[in-house]
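Structure file input_39.csv (CSV, C-alpha atoms) is printed below.
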```
chain,number,residue,atom,x,y,z
A,1,MET,CA,34.4,-3.2,-7.3
A,2,ALA,CA,31.1,-4.7,-6.2
A,3,MET,CA,30.2,-4.3,-2.6
A,4,ASP,CA,28.0,-6.8,-0.7
A,5,SER,CA,25.0,-4.8,0.4
A,6,ALA,CA,22.8,-5.4,3.4
A,7,PRO,CA,19.7,-7.4,2.5
A,8,ILE,CA,16.8,-5.2,1.6
A,9,ASN,CA,13.4,-5.6,3.3
A,10,LEU,CA,10.5,-4.4,1.2
A,11,THR,CA,7.8,-5.3,3.7
A,12,ASN,CA,5.1,-2.6,3.6
A,13,HIS,CA,6.4,-1.3,0.3
A,14,PHE,CA,4.9,-1.2,-3.2
A,15,LEU,CA,6.5,-2.9,-6.1
A,16,ILE,CA,5.6,-1.0,-9.3
A,17,ALA,CA,6.0,-2.9,-12.5
A,18,MET,CA,8.3,-1.3,-15.1
A,19,PRO,CA,7.0,-1.0,-18.7
A,20,GLY,CA,9.3,-3.7,-19.9
A,21,LEU,CA,7.7,-6.3,-17.5
A,22,ASP,CA,5.3,-8.0,-19.8
A,23,ASP,CA,4.4,-11.1,-17.6
A,24,GLU,CA,0.6,-11.3,-17.9
A,25,ALA,CA,0.1,-11.4,-14.1
A,26,PHE,CA,2.3,-8.4,-13.4
A,27,ALA,CA,2.2,-6.0,-16.4
A,28,LYS,CA,1.4,-2.5,-15.1
A,29,SER,CA,0.8,-3.9,-11.7
A,30,VAL,CA,1.3,-2.5,-8.2
A,31,VAL,CA,2.1,-5.1,-5.6
A,32,TYR,CA,1.7,-4.4,-1.9
A,33,MET,CA,4.5,-6.4,-0.1
A,34,CYS,CA,3.1,-8.1,3.0
A,35,GLU,CA,6.4,-9.9,3.8
A,36,HIS,CA,9.9,-9.9,2.6
A,37,SER,CA,12.8,-11.8,4.1
A,38,GLU,CA,15.9,-13.7,3.0
A,39,ARG,CA,13.6,-16.7,2.5
A,40,GLY,CA,11.4,-14.9,-0.1
A,41,ALA,CA,8.6,-12.5,-0.5
A,42,LEU,CA,4.8,-12.4,-0.5
A,43,GLY,CA,2.6,-9.6,-1.8
A,44,LEU,CA,-0.9,-8.8,-3.2
A,45,VAL,CA,-1.5,-7.1,-6.6
A,46,ILE,CA,-3.7,-4.1,-5.7
A,47,ASN,CA,-4.7,-2.8,-9.1
A,48,LYS,CA,-6.1,-5.9,-11.0
A,49,PRO,CA,-9.8,-6.3,-10.1
A,50,SER,CA,-11.5,-9.6,-11.1
A,51,ASP,CA,-15.0,-9.7,-12.4
A,52,ILE,CA,-16.3,-10.9,-9.0
A,53,SER,CA,-17.8,-8.4,-6.5
A,54,LEU,CA,-17.6,-8.9,-2.8
A,55,LYS,CA,-21.3,-9.6,-2.8
A,56,ASN,CA,-20.6,-12.5,-5.3
A,57,LEU,CA,-17.8,-13.8,-3.0
A,58,PHE,CA,-20.0,-13.7,0.1
A,59,ASP,CA,-22.8,-15.5,-1.8
A,60,LYS,CA,-20.2,-18.2,-2.7
A,61,VAL,CA,-19.2,-18.7,0.9
A,62,GLU,CA,-22.8,-18.6,2.0
A,63,LEU,CA,-22.6,-15.5,4.1
A,64,PRO,CA,-24.8,-12.4,4.0
A,65,LEU,CA,-23.0,-9.1,3.4
A,66,HIS,CA,-24.4,-6.4,5.7
A,67,ARG,CA,-21.9,-3.7,4.6
A,68,SER,CA,-23.5,-1.6,1.8
A,69,ASP,CA,-20.1,0.2,1.4
A,70,LEU,CA,-18.6,-3.1,0.3
A,71,THR,CA,-21.3,-4.7,-1.8
A,72,ASP,CA,-20.0,-3.6,-5.2
A,73,ALA,CA,-16.3,-3.6,-4.3
A,74,PRO,CA,-14.3,-5.9,-6.6
A,75,VAL,CA,-12.4,-8.9,-5.4
A,76,PHE,CA,-8.9,-8.5,-6.8
A,77,GLN,CA,-6.5,-10.9,-8.5
A,78,GLY,CA,-3.8,-10.8,-5.9
A,79,GLY,CA,-1.4,-12.9,-7.9
A,80,PRO,CA,-0.9,-16.3,-9.6
A,81,VAL,CA,-0.5,-18.4,-6.5
A,82,GLN,CA,-3.5,-20.1,-4.7
A,83,THR,CA,-6.0,-18.3,-6.8
A,84,GLU,CA,-8.9,-20.1,-5.1
A,85,ARG,CA,-7.9,-18.8,-1.7
A,86,GLY,CA,-9.0,-15.5,-0.2
A,87,PHE,CA,-6.7,-13.0,1.3
A,88,VAL,CA,-8.0,-10.0,3.2
A,89,LEU,CA,-5.8,-7.0,3.7
A,90,HIS,CA,-7.2,-4.7,6.4
A,91,GLU,CA,-6.3,-2.1,8.9
A,92,SER,CA,-5.2,-3.4,12.3
A,93,MET,CA,-8.2,-3.8,14.6
A,94,MET,CA,-6.2,-3.6,17.8
A,95,PRO,CA,-3.2,-1.3,17.4
A,96,GLY,CA,-0.2,-2.9,19.2
A,97,ASN,CA,-2.1,-6.0,20.2
A,98,GLU,CA,-2.6,-9.5,18.8
A,99,SER,CA,-5.0,-9.6,15.8
A,100,VAL,CA,-8.6,-10.4,16.6
A,101,TYR,CA,-8.7,-12.9,13.7
A,102,ALA,CA,-7.1,-16.3,13.3
A,103,SER,CA,-4.5,-16.9,10.5
A,104,THR,CA,-3.4,-13.2,10.5
A,105,MET,CA,0.0,-11.8,9.5
A,106,THR,CA,0.7,-8.4,11.1
A,107,ILE,CA,2.5,-6.1,8.7
A,108,PRO,CA,4.7,-3.3,10.2
A,109,GLY,CA,2.9,-0.1,9.3
A,110,GLY,CA,-0.6,-0.8,10.7
A,111,LEU,CA,-2.1,-3.4,8.3
A,112,GLU,CA,-2.9,-7.0,8.7
A,113,MET,CA,-3.5,-9.8,6.1
A,114,THR,CA,-6.0,-12.5,7.2
A,115,THR,CA,-6.7,-15.7,5.4
A,116,SER,CA,-9.3,-17.1,7.8
A,117,LYS,CA,-13.0,-17.0,7.3
A,118,ASP,CA,-13.7,-15.2,10.6
A,119,VAL,CA,-12.8,-11.8,9.1
A,120,LEU,CA,-15.5,-12.4,6.4
A,121,GLU,CA,-17.9,-13.5,9.1
A,122,ALA,CA,-17.3,-10.2,11.0
A,123,LEU,CA,-17.9,-8.2,7.8
A,124,SER,CA,-21.0,-10.2,7.0
A,125,THR,CA,-22.6,-8.9,10.3
A,126,GLY,CA,-21.8,-5.3,9.4
A,127,ALA,CA,-18.7,-5.3,11.7
A,128,GLY,CA,-15.1,-6.1,10.9
A,129,PRO,CA,-12.4,-3.7,9.7
A,130,ARG,CA,-13.6,-0.4,8.2
A,131,LYS,CA,-11.1,-0.6,5.3
A,132,VAL,CA,-10.7,-3.9,3.5
A,133,PHE,CA,-9.0,-5.2,0.3
A,134,VAL,CA,-10.0,-8.7,-0.7
A,135,SER,CA,-8.1,-10.8,-3.2
A,136,LEU,CA,-8.1,-14.3,-4.6
A,137,GLY,CA,-4.5,-15.5,-4.9
A,138,TYR,CA,-1.2,-13.9,-4.0
A,139,SER,CA,2.2,-13.2,-5.4
A,140,ALA,CA,5.3,-15.0,-4.2
A,141,TRP,CA,9.0,-15.0,-4.8
A,142,GLY,CA,11.4,-17.6,-3.7
A,143,GLU,CA,14.7,-16.9,-2.0
A,144,GLY,CA,16.7,-14.4,-4.0
A,145,GLN,CA,14.1,-14.3,-6.9
A,146,LEU,CA,12.7,-10.8,-6.1
A,147,GLU,CA,16.2,-9.4,-5.6
A,148,SER,CA,17.1,-10.8,-9.1
A,149,GLU,CA,14.1,-9.1,-10.7
A,150,LEU,CA,15.0,-5.8,-9.0
A,151,SER,CA,18.5,-6.0,-10.4
A,152,ASP,CA,17.0,-6.6,-13.8
A,153,ASN,CA,15.0,-3.3,-13.5
A,154,SER,CA,11.6,-5.1,-13.5
A,155,TRP,CA,10.3,-3.2,-10.5
A,156,LEU,CA,10.4,0.2,-8.9
A,157,THR,CA,10.0,0.2,-5.1
A,158,VAL,CA,8.6,2.8,-2.8
A,159,ALA,CA,7.3,2.8,0.8
A,160,ALA,CA,3.6,2.0,0.7
A,161,ASP,CA,0.9,4.5,1.3
A,162,VAL,CA,-2.3,2.8,2.5
A,163,ALA,CA,-4.4,5.6,0.9
A,164,VAL,CA,-3.4,4.1,-2.5
A,165,ILE,CA,-4.8,0.7,-1.5
A,166,PHE,CA,-8.0,1.9,0.2
A,167,ASP,CA,-8.9,5.4,-1.0
A,168,THR,CA,-7.7,5.5,-4.6
A,169,PRO,CA,-9.8,4.4,-7.6
A,170,VAL,CA,-8.4,1.2,-9.1
A,171,GLU,CA,-7.5,2.8,-12.4
A,172,GLN,CA,-5.4,5.5,-10.7
A,173,ARG,CA,-3.4,3.2,-8.4
A,174,TYR,CA,-0.5,2.6,-10.7
A,175,ASP,CA,0.0,6.4,-11.4
A,176,LYS,CA,-0.6,7.3,-7.7
A,177,ALA,CA,2.1,4.7,-6.7
A,178,LEU,CA,4.5,6.2,-9.2
A,179,MET,CA,3.7,9.7,-7.9
A,180,LEU,CA,5.1,8.6,-4.5
A,181,LEU,CA,8.5,8.5,-6.3
A,182,GLY,CA,7.8,11.8,-8.1
A,183,LEU,CA,7.4,10.0,-11.4
A,184,GLN,CA,4.7,9.8,-14.0
A,185,SER,CA,4.2,6.8,-16.3
A,186,TRP,CA,5.3,8.8,-19.5
A,187,MET,CA,8.7,9.2,-17.9
A,188,LEU,CA,9.4,5.4,-17.8
A,189,SER,CA,11.0,3.9,-20.9
A,190,PRO,CA,10.4,0.2,-21.6
A,191,ASP,CA,14.1,0.1,-22.7
A,192,ALA,CA,15.5,1.1,-19.3
A,193,GLY,CA,18.9,-0.5,-18.7
A,194,HIS,CA,22.0,-0.2,-16.6
A,195,ALA,CA,24.2,2.9,-17.3
```
Target encoding structure tokens, full file:
Amino acid sequence: MAMDSAPINLTNHFLIAMPGLDDEAFAKSVVYMCEHSERGALGLVINKPSDISLKNLFDKVELPLHRSDLTDAPVFQGGPVQTERGFVLHESMMPGNESVYASTMTIPGGLEMTTSKDVLEALSTGAGPRKVFVSLGYSAWGEGQLESELSDNSWLTVAADVAVIFDTPVEQRYDKALMLLGLQSWMLSPDAGHA
């Protein structure tokens, strides 16, 4: 007998693509979930770098970049929606207070996602958040869509660890996210199904 379960909230979680998920945008991806509610979900793919560096991006928006630690960092492909728009995931500048930037979503767990240029302006002067992740585009699911994909075994979920986003080399992020579940990629079968 099926039981109605309480709605799940995957805000501040990782979605880890199962091997059978062969959608080009999401194959072998790890998505950091910025928001999840009954209306839908929004996240950023954290392990698909583009061929644009932060220096290139700053040149495009005509800002200098006075943060040598960020010059060669890649801009990521955050997902297939609004791929011309920048999204900056960063640590909260003012714990417990309002964000210092306009157009910022505060994510429970200490991170913020900002879409306004002021965070780039702060970084350009050498200030701004110490740890940043910049993507073009984001991932979105409509009402009930993510829940449907979860029931189809397209994704594994685990509480996010910001060290995977900010401190782990890109090519290790998928495996590190799996390790949060005590799994390794060889353990996953592309033929997983319901028992």
May I ask for the distance between atom CA of A:Asp23 and atom CA of A:Gly86, given in Å to one decimal place?
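Pair atom CA of A:Asp23 / atom CA of A:Gly86 returns 22.4 Å.
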Counting only C-alpha atoms, figure out which residue out of A:Ala41, A:Ile107, A:Leu120, A:Val31 gets nearest to A:Leu54.
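Of A:Ala41, A:Ile107, A:Leu120, A:Val31, the one nearest A:Leu54, counting only C-alpha atoms, is A:Leu120.
Between A:Ser29 and the residues A:Asn47, A:Ser124, A:Ser53, A:Asn9, the shortest atom-to-atom distance, using only C-alpha atoms, involves A:Asn47.
Of the listed residues (A:Val162, A:Thr11, A:Ile16, A:Thr106), A:Ile16 comes nearest to A:Gln184; the distances count only C-alpha atoms.
Here atom CA of A:Leu181 is placed at a distance of 9.2 Å from atom CA of A:Ala159.
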Counting all atoms listed in the file, the option among A:Pro80, A:Gly142, A:Pro108, A:Gly128 closest to A:Glu24
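Smallest distance to A:Glu24 is found for A:Pro80.
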In Å, rounded to a single decimal, give me how far atom CA of A:Met18 is from atom CA of A:Pro49.
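Between atom CA of A:Pro49 and atom CA of A:Met18 the gap is 19.4 Å.
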Contact residues around A:Arg130 with only C-alpha atoms at 12 Å, ignoring same-chain residues under 3 positions, as number ranges by chain
A: 67-70, 89-93, 111, 119, 122-123, 126-127, 133, 166-167
Can you tell me, as a PyMOL selection string, what residues are no more than 12 Å from A:Pro169 when counting all atoms listed in the file, ignoring any on the same chain fewer than 3 positions away?
chain A and resi 46-49+73-74+163-166+172-177
Write the residues of the selection above to a file with C-alpha atoms, as a compact mmCIF listing (two decimals), keeping the file's coordinate frame.
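Listed below is the output, part-v2.txt:
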```txt
# COMPACT_ATOMS: atom_id res chain seq x y z
CA ILE A 46 -3.70 -4.10 -5.70
CA ASN A 47 -4.70 -2.80 -9.10
CA LYS A 48 -6.10 -5.90 -11.00
CA PRO A 49 -9.80 -6.30 -10.10
CA ALA A 73 -16.30 -3.60 -4.30
CA PRO A 74 -14.30 -5.90 -6.60
CA ALA A 163 -4.40 5.60 0.90
CA VAL A 164 -3.40 4.10 -2.50
CA ILE A 165 -4.80 0.70 -1.50
CA PHE A 166 -8.00 1.90 0.20
CA GLN A 172 -5.40 5.50 -10.70
CA ARG A 173 -3.40 3.20 -8.40
CA TYR A 174 -0.50 2.60 -10.70
CA ASP A 175 0.00 6.40 -11.40
CA LYS A 176 -0.60 7.30 -7.70
CA ALA A 177 2.10 4.70 -6.70
```
Given all atoms listed in the file as the counted atoms, nearest of A:Val170, A:Glu147, A:Phe58, A:Leu136 to A:Thr83
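The shortest atom-to-atom distance to A:Thr83 comes from A:Leu136.
The set of protein, DNA and RNA residues with any counted atom at most 7 Å from (-0.7, -12.5, -8.8) (only C-alpha atoms) reads Ala25, Phe26, Leu44, Val45, Gln77, Gly78, Gly79, Pro80, Val81, Gly137, Tyr138 and Ser139 of chain A.
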Kindly compute an axis-aligned box around the listed atoms of stretch 102-110 of chain A, allowing 8 Å on each side, and express its centre and edge lengths in Å to one decimal as JSON.
```
{"center_x": -1.2, "center_y": -8.5, "center_z": 11.0, "size_x": 27.8, "size_y": 32.8, "size_z": 20.6}
```
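Nearest residue to A:Leu65 among A:Glu121, A:Glu84, A:Asp22, A:Glu112 is A:Glu121, counting only C-alpha atoms.
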Repair of stretch 27-49 of chain A at the level of N, CA and C atoms, as a PDB file, in the frame of the given file:
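Listing of part03.pdb after writing:
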```
ATOM      1  N   ALA A  27       2.089  -7.222 -15.525  1.00  0.00           N
ATOM      2  CA  ALA A  27       2.200  -6.000 -16.400  1.00  0.00           C
ATOM      3  C   ALA A  27       1.400  -4.883 -15.786  1.00  0.00           C
ATOM      4  N   LYS A  28       2.017  -3.710 -15.694  1.00  0.00           N
ATOM      5  CA  LYS A  28       1.400  -2.500 -15.100  1.00  0.00           C
ATOM      6  C   LYS A  28       0.768  -2.716 -13.762  1.00  0.00           C
ATOM      7  N   SER A  29       1.382  -3.588 -12.976  1.00  0.00           N
ATOM      8  CA  SER A  29       0.800  -3.900 -11.700  1.00  0.00           C
ATOM      9  C   SER A  29       1.513  -3.109 -10.549  1.00  0.00           C
ATOM     10  N   VAL A  30       0.768  -2.962  -9.454  1.00  0.00           N
ATOM     11  CA  VAL A  30       1.300  -2.500  -8.200  1.00  0.00           C
ATOM     12  C   VAL A  30       1.085  -3.582  -7.190  1.00  0.00           C
ATOM     13  N   VAL A  31       2.165  -4.030  -6.557  1.00  0.00           N
ATOM     14  CA  VAL A  31       2.100  -5.100  -5.600  1.00  0.00           C
ATOM     15  C   VAL A  31       2.371  -4.554  -4.203  1.00  0.00           C
ATOM     16  N   TYR A  32       1.455  -4.795  -3.265  1.00  0.00           N
ATOM     17  CA  TYR A  32       1.700  -4.400  -1.900  1.00  0.00           C
ATOM     18  C   TYR A  32       2.437  -5.590  -1.215  1.00  0.00           C
ATOM     19  N   MET A  33       3.626  -5.322  -0.666  1.00  0.00           N
ATOM     20  CA  MET A  33       4.500  -6.400  -0.100  1.00  0.00           C
ATOM     21  C   MET A  33       4.075  -6.605   1.388  1.00  0.00           C
ATOM     22  N   CYS A  34       3.525  -7.786   1.659  1.00  0.00           N
ATOM     23  CA  CYS A  34       3.100  -8.100   3.000  1.00  0.00           C
ATOM     24  C   CYS A  34       4.292  -8.689   3.827  1.00  0.00           C
ATOM     25  N   GLU A  35       5.236  -9.315   3.136  1.00  0.00           N
ATOM     26  CA  GLU A  35       6.400  -9.900   3.800  1.00  0.00           C
ATOM     27  C   GLU A  35       7.534 -10.061   2.874  1.00  0.00           C
ATOM     28  N   HIS A  36       8.733  -9.762   3.375  1.00  0.00           N
ATOM     29  CA  HIS A  36       9.900  -9.900   2.600  1.00  0.00           C
ATOM     30  C   HIS A  36      11.082 -10.260   3.530  1.00  0.00           C
ATOM     31  N   SER A  37      11.701 -11.388   3.284  1.00  0.00           N
ATOM     32  CA  SER A  37      12.800 -11.800   4.100  1.00  0.00           C
ATOM     33  C   SER A  37      13.820 -12.530   3.218  1.00  0.00           C
ATOM     34  N   GLU A  38      14.898 -13.017   3.813  1.00  0.00           N
ATOM     35  CA  GLU A  38      15.900 -13.700   3.000  1.00  0.00           C
ATOM     36  C   GLU A  38      15.287 -15.036   2.424  1.00  0.00           C
ATOM     37  N   ARG A  39      14.183 -15.513   2.977  1.00  0.00           N
ATOM     38  CA  ARG A  39      13.600 -16.700   2.500  1.00  0.00           C
ATOM     39  C   ARG A  39      12.666 -16.502   1.264  1.00  0.00           C
ATOM     40  N   GLY A  40      12.306 -15.252   1.016  1.00  0.00           N
ATOM     41  CA  GLY A  40      11.400 -14.900  -0.100  1.00  0.00           C
ATOM     42  C   GLY A  40      10.505 -13.797   0.209  1.00  0.00           C
ATOM     43  N   ALA A  41       9.480 -13.641  -0.621  1.00  0.00           N
ATOM     44  CA  ALA A  41       8.600 -12.500  -0.500  1.00  0.00           C
ATOM     45  C   ALA A  41       7.153 -12.901  -0.838  1.00  0.00           C
ATOM     46  N   LEU A  42       6.203 -12.173  -0.231  1.00  0.00           N
ATOM     47  CA  LEU A  42       4.800 -12.400  -0.500  1.00  0.00           C
ATOM     48  C   LEU A  42       4.101 -11.053  -0.580  1.00  0.00           C
ATOM     49  N   GLY A  43       3.263 -10.905  -1.609  1.00  0.00           N
ATOM     50  CA  GLY A  43       2.600  -9.600  -1.800  1.00  0.00           C
ATOM     51  C   GLY A  43       1.227  -9.852  -2.482  1.00  0.00           C
ATOM     52  N   LEU A  44       0.458  -8.774  -2.568  1.00  0.00           N
ATOM     53  CA  LEU A  44      -0.900  -8.800  -3.200  1.00  0.00           C
ATOM     54  C   LEU A  44      -0.891  -7.691  -4.287  1.00  0.00           C
ATOM     55  N   VAL A  45      -1.270  -8.069  -5.508  1.00  0.00           N
ATOM     56  CA  VAL A  45      -1.500  -7.100  -6.600  1.00  0.00           C
ATOM     57  C   VAL A  45      -2.704  -6.267  -6.204  1.00  0.00           C
ATOM     58  N   ILE A  46      -2.570  -4.941  -6.135  1.00  0.00           N
ATOM     59  CA  ILE A  46      -3.700  -4.100  -5.700  1.00  0.00           C
ATOM     60  C   ILE A  46      -4.434  -3.384  -6.759  1.00  0.00           C
ATOM     61  N   ASN A  47      -4.056  -3.606  -8.016  1.00  0.00           N
ATOM     62  CA  ASN A  47      -4.700  -2.800  -9.100  1.00  0.00           C
ATOM     63  C   ASN A  47      -5.231  -3.712 -10.224  1.00  0.00           C
ATOM     64  N   LYS A  48      -5.522  -4.986  -9.936  1.00  0.00           N
ATOM     65  CA  LYS A  48      -6.100  -5.900 -11.000  1.00  0.00           C
ATOM     66  C   LYS A  48      -7.385  -6.483 -10.436  1.00  0.00           C
ATOM     67  N   PRO A  49      -8.514  -5.781 -10.616  1.00  0.00           N
ATOM     68  CA  PRO A  49      -9.800  -6.300 -10.100  1.00  0.00           C
ATOM     69  C   PRO A  49     -10.220  -7.521 -10.968  1.00  0.00           C
TER      70      PRO A  49
END
```
